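This is model_39.cif (mmCIF, C-alpha atoms).
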```cif
data_model
loop_
_atom_site.label_atom_id
_atom_site.label_comp_id
_atom_site.auth_asym_id
_atom_site.auth_seq_id
_atom_site.Cartn_x
_atom_site.Cartn_y
_atom_site.Cartn_z
CA MET A 39 0.00 0.00 0.00
CA PRO A 40 2.48 2.80 0.94
CA THR A 41 5.06 1.77 -1.68
CA GLN A 42 2.43 0.89 -4.27
CA LYS A 43 0.82 4.30 -3.82
CA PHE A 44 4.19 6.05 -4.01
CA SER A 45 5.22 4.15 -7.14
CA THR A 46 1.95 5.10 -8.85
CA GLN A 47 2.36 8.75 -7.83
CA LEU A 48 5.86 8.83 -9.30
CA ASN A 49 4.29 8.23 -12.70
CA ASP A 50 3.05 11.83 -12.54
CA VAL A 51 6.64 13.02 -12.17
CA GLU A 52 7.68 10.83 -15.10
CA ASP A 53 4.90 12.41 -17.19
CA LEU A 54 6.29 15.88 -16.47
CA LEU A 55 9.78 14.75 -17.44
CA ASN A 56 8.45 13.25 -20.68
CA LEU A 57 6.77 16.56 -21.46
CA ALA A 58 10.00 18.47 -20.78
CA GLU A 59 11.90 16.12 -23.09
CA SER A 60 9.31 16.63 -25.81
CA ILE A 61 9.82 20.39 -25.59
CA THR A 62 13.61 20.03 -25.56
CA LEU A 63 13.51 17.84 -28.66
CA ARG A 64 11.09 20.23 -30.38
CA HIS A 65 8.34 17.64 -30.60
CA PRO A 66 6.04 18.32 -33.59
CA ALA A 67 3.12 18.79 -31.22
CA PHE A 68 4.66 22.11 -30.16
CA SER A 69 5.59 23.34 -33.65
CA TYR A 70 2.39 25.34 -34.07
CA LEU A 71 3.02 27.50 -30.98
CA PRO A 72 4.26 31.02 -31.82
CA ASP A 73 6.49 31.04 -28.74
CA ARG A 74 7.82 27.58 -27.98
CA PRO A 75 7.72 26.93 -24.20
CA THR A 76 10.92 26.18 -22.34
CA PRO A 77 11.32 23.03 -20.24
CA SER A 78 12.79 24.72 -17.15
CA PRO A 79 9.48 25.53 -15.38
CA ILE A 80 8.25 21.99 -16.03
CA LEU A 81 11.46 20.50 -14.62
CA ALA A 82 11.13 22.74 -11.58
CA GLY A 83 7.59 21.45 -11.11
CA ALA A 84 8.83 17.87 -11.43
CA VAL A 85 11.38 18.42 -8.63
CA VAL A 86 8.80 19.95 -6.30
CA LEU A 87 6.28 17.20 -7.08
CA LEU A 88 8.86 14.44 -6.54
CA CYS A 89 9.74 15.81 -3.09
CA ALA A 90 6.06 16.25 -2.20
CA ARG A 91 5.34 12.64 -3.15
CA PHE A 92 8.27 11.39 -1.07
CA GLU A 93 7.13 13.51 1.87
CA GLU A 94 3.68 11.95 1.63
CA PHE A 95 5.23 8.48 1.42
CA ILE A 96 7.32 8.80 4.59
CA LYS A 97 4.26 9.96 6.53
CA ASP A 98 2.17 7.11 5.11
CA VAL A 99 4.71 4.37 5.75
CA VAL A 100 5.37 5.39 9.38
CA ALA A 101 1.62 5.51 10.10
CA TYR A 102 1.21 2.15 8.35
CA ALA A 103 4.02 0.59 10.41
CA LEU A 104 2.46 1.76 13.69
CA GLU A 105 -0.94 0.40 12.62
CA ARG A 106 0.57 -3.06 12.06
CA HIS A 107 1.07 -3.41 15.83
CA GLY A 108 -2.72 -3.49 16.09
CA ASP A 109 -2.88 -6.30 13.52
CA ALA A 110 -0.65 -8.61 15.54
CA THR A 111 -2.28 -11.59 17.23
CA PRO A 112 -2.92 -10.91 20.09
CA THR A 113 -2.95 -7.16 19.50
CA LEU A 114 0.03 -5.14 20.73
CA MET A 115 -1.01 -2.19 22.89
CA LEU A 116 0.84 0.99 23.78
CA TRP A 117 1.96 -0.43 27.12
CA ASP A 118 3.46 -3.46 25.34
CA LEU A 119 6.09 -1.21 23.75
CA PRO A 120 9.42 -0.32 25.39
CA GLU A 121 8.96 2.40 28.01
CA GLN A 122 11.15 4.88 26.11
CA LEU A 123 9.02 4.46 22.99
CA GLN A 124 5.81 4.82 24.99
CA LEU A 125 7.05 8.13 26.38
CA LEU A 126 8.10 9.33 22.92
CA LEU A 127 4.72 8.54 21.35
CA ILE A 128 2.78 10.07 24.25
CA SER A 129 4.82 13.27 24.33
CA LYS A 130 4.75 13.68 20.53
CA ASN A 131 1.00 13.10 20.36
CA MET A 132 0.16 15.50 23.17
CA THR A 133 2.56 18.19 21.95
CA ALA A 134 1.12 18.00 18.42
CA ALA A 135 -2.47 17.99 19.69
CA LEU A 136 -1.96 21.09 21.84
CA GLN A 137 0.34 23.09 19.56
CA ALA A 138 -0.63 26.73 19.09
CA LYS A 139 0.13 26.63 15.37
CA ARG A 140 -0.16 23.96 12.69
CA PHE A 141 1.29 24.40 9.20
CA GLY A 142 2.06 27.99 10.17
CA LYS A 143 -1.55 28.85 11.01
CA PRO A 144 -2.77 29.72 14.54
CA ARG A 145 -5.19 27.27 16.15
CA ASP A 146 -7.98 28.36 18.47
CA SER A 147 -8.26 26.99 22.00
CA ALA A 148 -11.36 24.90 21.22
CA ASP A 149 -9.52 22.90 18.54
CA ARG A 150 -6.47 22.46 20.76
CA ILE A 151 -8.56 21.23 23.68
CA SER A 152 -10.57 18.90 21.42
CA ASP A 153 -7.43 17.41 19.88
CA GLY A 154 -5.79 17.15 23.30
CA LEU A 155 -8.75 15.24 24.76
CA SER A 156 -8.85 12.95 21.73
CA ALA A 157 -5.12 12.21 22.04
CA ALA A 158 -5.47 11.59 25.80
CA LYS A 159 -8.37 9.16 25.27
CA GLY A 160 -6.32 7.25 22.72
CA ILE A 161 -3.37 7.03 25.12
CA ILE A 162 -5.59 5.83 27.99
CA ALA A 163 -7.08 3.19 25.67
CA GLY A 164 -3.55 2.00 24.85
CA LYS A 165 -3.75 2.82 21.14
CA ILE A 166 -0.49 2.88 19.20
CA HIS A 167 -0.44 5.78 16.77
CA ALA A 168 1.26 9.12 16.33
CA GLY A 169 -1.60 11.24 15.01
CA HIS A 170 -0.42 14.71 14.03
CA ALA A 171 3.05 13.89 15.38
CA ILE A 172 3.88 12.30 12.02
CA GLU A 173 4.97 15.61 10.52
CA THR A 174 7.90 16.53 8.32
CA GLY A 175 7.81 20.30 8.65
CA GLY A 176 7.91 20.43 4.86
CA ASN A 177 11.42 18.99 4.79
CA PRO A 178 11.46 15.21 4.20
CA GLY A 179 15.25 14.98 4.27
CA PRO A 180 17.40 12.27 5.87
CA ASP A 181 17.18 13.74 9.39
CA THR A 182 13.37 13.84 9.17
CA VAL A 183 13.31 10.23 7.97
CA SER A 184 15.36 9.24 11.02
CA GLU A 185 13.14 11.17 13.44
CA LEU A 186 9.92 9.68 12.08
CA MET A 187 11.28 6.14 12.06
CA LYS A 188 12.12 6.58 15.75
CA LEU A 189 8.35 6.73 16.37
CA VAL A 190 8.28 3.07 15.33
CA GLY A 191 11.31 2.28 17.50
CA VAL A 192 13.97 2.18 14.76
CA GLU A 193 17.03 4.00 16.09
CA LYS A 194 19.67 5.16 13.60
CA PRO A 195 17.90 3.60 10.59
CA TRP A 196 20.24 4.70 7.79
CA PRO A 197 22.78 1.85 8.09
CA GLN A 198 19.87 -0.62 7.81
CA ILE A 199 18.30 1.29 4.93
CA SER A 200 21.64 1.42 3.11
CA LYS A 201 22.25 -2.30 3.62
CA TYR A 202 18.88 -3.24 2.11
CA PHE A 203 19.25 -0.67 -0.69
CA GLU A 204 22.69 -1.92 -1.71
CA ALA A 205 21.50 -5.55 -1.73
CA HIS A 206 18.50 -4.87 -4.00
CA TYR A 207 19.46 -1.86 -6.13
CA ASN A 208 19.79 -2.42 -9.87
CA PRO A 209 21.43 0.44 -11.82
CA PRO A 210 19.24 1.89 -14.59
CA THR A 211 19.76 0.50 -18.08
CA SER A 212 18.34 3.40 -20.12
CA PRO A 213 21.11 5.18 -22.09
CA GLU A 214 20.46 8.61 -20.57
CA LEU A 215 20.94 7.29 -17.04
CA THR A 216 23.72 4.77 -17.61
CA GLY A 217 26.76 5.54 -15.51
CA MET A 218 24.95 7.64 -12.93
CA ALA A 219 25.78 6.58 -9.37
CA VAL A 220 23.67 6.99 -6.24
CA GLY A 221 26.55 7.60 -3.84
CA SER A 222 25.55 8.22 -0.23
CA LEU A 223 21.79 7.73 0.19
CA GLN A 224 21.54 10.50 2.75
CA GLU A 225 23.54 12.96 0.67
CA ARG A 226 21.55 12.28 -2.50
CA LEU A 227 18.27 12.74 -0.65
CA ARG A 228 19.60 15.90 1.04
CA GLU A 229 20.71 17.33 -2.33
CA LEU A 230 17.30 16.58 -3.83
CA ILE A 231 15.52 18.38 -0.97
CA ASN A 232 17.95 21.31 -1.23
CA LEU A 233 17.23 21.59 -4.95
CA ARG A 234 13.52 21.58 -4.19
CA ASN A 235 14.02 24.38 -1.64
CA VAL A 236 15.97 26.47 -4.14
CA VAL A 237 13.28 26.01 -6.79
CA ALA A 238 10.36 26.60 -4.43
CA HIS A 239 11.71 29.51 -2.42
CA SER A 240 14.06 31.43 -4.68
CA GLY A 241 12.50 30.91 -8.09
CA ALA A 242 15.89 29.95 -9.50
CA ARG A 243 15.91 28.14 -12.81
CA ILE A 244 17.44 24.70 -13.08
CA PRO A 245 19.46 23.22 -15.97
CA PRO A 246 17.18 22.19 -18.89
CA SER A 247 17.94 18.47 -18.69
CA PRO A 248 15.57 15.94 -17.13
CA ALA A 249 18.19 13.17 -16.81
CA GLU A 250 19.31 13.98 -13.25
CA ILE A 251 15.72 14.39 -12.07
CA ARG A 252 14.72 11.14 -13.77
CA PHE A 253 17.58 9.42 -11.97
CA ASN A 254 16.28 10.78 -8.66
CA VAL A 255 12.86 9.32 -9.46
CA TYR A 256 14.58 5.97 -10.08
CA PHE A 257 16.56 6.34 -6.84
CA THR A 258 13.55 7.22 -4.66
CA ARG A 259 11.64 4.13 -5.83
CA TYR A 260 14.38 1.94 -4.37
CA LEU A 261 14.78 4.16 -1.31
CA ALA A 262 11.07 3.90 -0.50
CA GLU A 263 11.22 0.11 -0.77
CA ALA A 264 14.24 0.00 1.57
CA ILE A 265 12.53 2.18 4.19
CA TYR A 266 9.39 0.05 4.00
CA GLU A 267 11.35 -3.19 4.46
CA VAL A 268 13.37 -1.87 7.41
CA LEU A 269 10.16 -0.85 9.19
CA LYS A 270 8.50 -4.17 8.33
CA GLU A 271 11.42 -6.21 9.64
CA HIS A 272 11.54 -4.21 12.88
CA VAL A 273 7.78 -4.38 13.60
CA GLU A 274 7.55 -8.09 12.80
CA ALA A 275 10.63 -8.91 14.89
CA TYR A 276 9.23 -6.98 17.84
CA ALA A 277 5.86 -8.76 17.60
CA ARG A 278 7.60 -12.15 17.64
CA SER A 279 9.77 -11.11 20.61
CA MET A 280 6.55 -10.38 22.51
CA GLY A 281 5.03 -13.76 21.67
CA ARG A 282 2.71 -12.38 18.98
CA VAL A 283 2.01 -13.46 15.43
CA PRO A 284 2.88 -10.43 13.23
CA GLY A 285 0.11 -8.82 11.22
CA ALA A 286 0.16 -8.97 7.43
CA TRP A 287 1.98 -6.27 5.46
CA VAL A 288 1.00 -5.12 1.97
CA PRO A 289 3.58 -3.08 0.01
#
```
Would you give me this structure, written as structure tokens?
Amino acid sequence: MPTQKFSTQLNDVEDLLNLAESITLRHPAFSYLPDRPTPSPILAGAVVLLCARFEEFIKDVVAYALERHGDATPTLMLWDLPEQLQLLLISKNMTAALQAKRFGKPRDSADRISDGLSAAKGIIAGKIHAGHAIETGGNPGPDTVSELMKLVGVEKPWPQISKYFEAHYNPPTSPELTGMAVGSLQERLRELINLRNVVAHSGARIPPSPAEIRFNVYFTRYLAEAIYEVLKEHVEAYARSMGRVPGAWVP
């Protein structure tokens, strides 16, 4: 589900890149236009959309991983988790529920009290979730990925993510991407987010070539799969350690 959704959403980014390539190659479909459009704004949109899709994925997959505790047999409750993780989830949930601002907009006291009561009832009932605490702050970079995966109990996840990625990654075979290397997973993700920030906040133009962006689409497909598998392995292992049968996972 999280990775399937993300993979489908990446097709929208691919469509934008295909359009940019058509413009670059002076596709006949654009020959009738008096002023031929340039690909740069479309490439900028592709970068922003790619980062938005990845941001949505990391929120989805962390929420999905926490929900799988409830699918274990017998069900895992909040108080079945390590004490440190219980405290983290409780504090994150209550802080998010009572925050004075959300997404930069002030919240009135009635909404804060309502959300606070709802979060408190969930905690008392022993529900495992993070509610509004699953938030990226608009920056789904490597540090944010680490912080959100901690909500599931995965400390320092990048070595595990890198190990799975390296074992399953197949370099692209298309001529335009041949020879491109991922390098450090964290650095490539950080550079992608930085490029998105430059495009979104400064209005700077980016080089009129979709190859690097297309490679980042290829890279994030594998990165998403690695993150999903690390969370899956951790949640299932914890369920077994507590004498439970793990719940089913759907990619």
Restricting to only C-alpha atoms, whichever of A:Thr211, A:Ser156, A:Asn131, A:Gln224 is closest to Val183 (chain A) is A:Gln224
Written as a VMD selection string, which residues does the PyMOL selection byres ((chain A and resi 198) around 12) give for the file shown?
-> chain A and resid 184 187 192 to 197 199 to 205 223 261 264 to 272
Result set of the PyMOL selection byres ((chain A and resi 160-173) around 6) on the coordinates above, as JSON, numbers by chain:
{"A": [97, 104, 115, 116, 130, 131, 134, 157, 158, 159, 174, 175]}
Please expand the PyMOL selection byres ((chain A and resi 177) around 9) into the concrete residues it hits in this file, giving the result as JSON, numbers by chain. {"A": [89, 93, 174, 175, 176, 178, 179, 182, 231, 235]}
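Considering all atoms listed in the file, the residue among A:Ala238, A:Gly221, A:Tyr260, A:Leu155 positioned nearest to Asn208 (chain A) is A:Tyr260.
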- Task: Please check which residues have atoms at most 12 Å from (10.5, -7.3, 18.8) in the file's coordinates, counting only C-alpha atoms, and write them as JSON, numbers by chain.
- Result: {"A": [107, 110, 114, 118, 119, 120, 190, 191, 192, 269, 270, 271, 272, 273, 274, 275, 276, 277, 278, 279, 280, 281, 282, 283, 284]}
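Taking CA of Thr258 (chain A) and CA of Phe44 (chain A) as the two end points, the separation is 9.5 Å.
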One residue among A:Ala135, A:Val99, A:Met218, A:Val86 is nearest to Gly154 (chain A) when using all atoms listed in the file, and that residue is A:Ala135
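Straight-line separation from CA of Glu214 (chain A) to CA of His239 (chain A): 29.0 Å.
Here CA of Ile251 (chain A) stands at a distance of 11.3 Å from CA of Glu229 (chain A).
Checking A:Leu189, A:Pro248, A:Trp117, A:Arg106 one by one against Leu57 (chain A), counting only C-alpha atoms, you find the shortest gap at A:Pro248.
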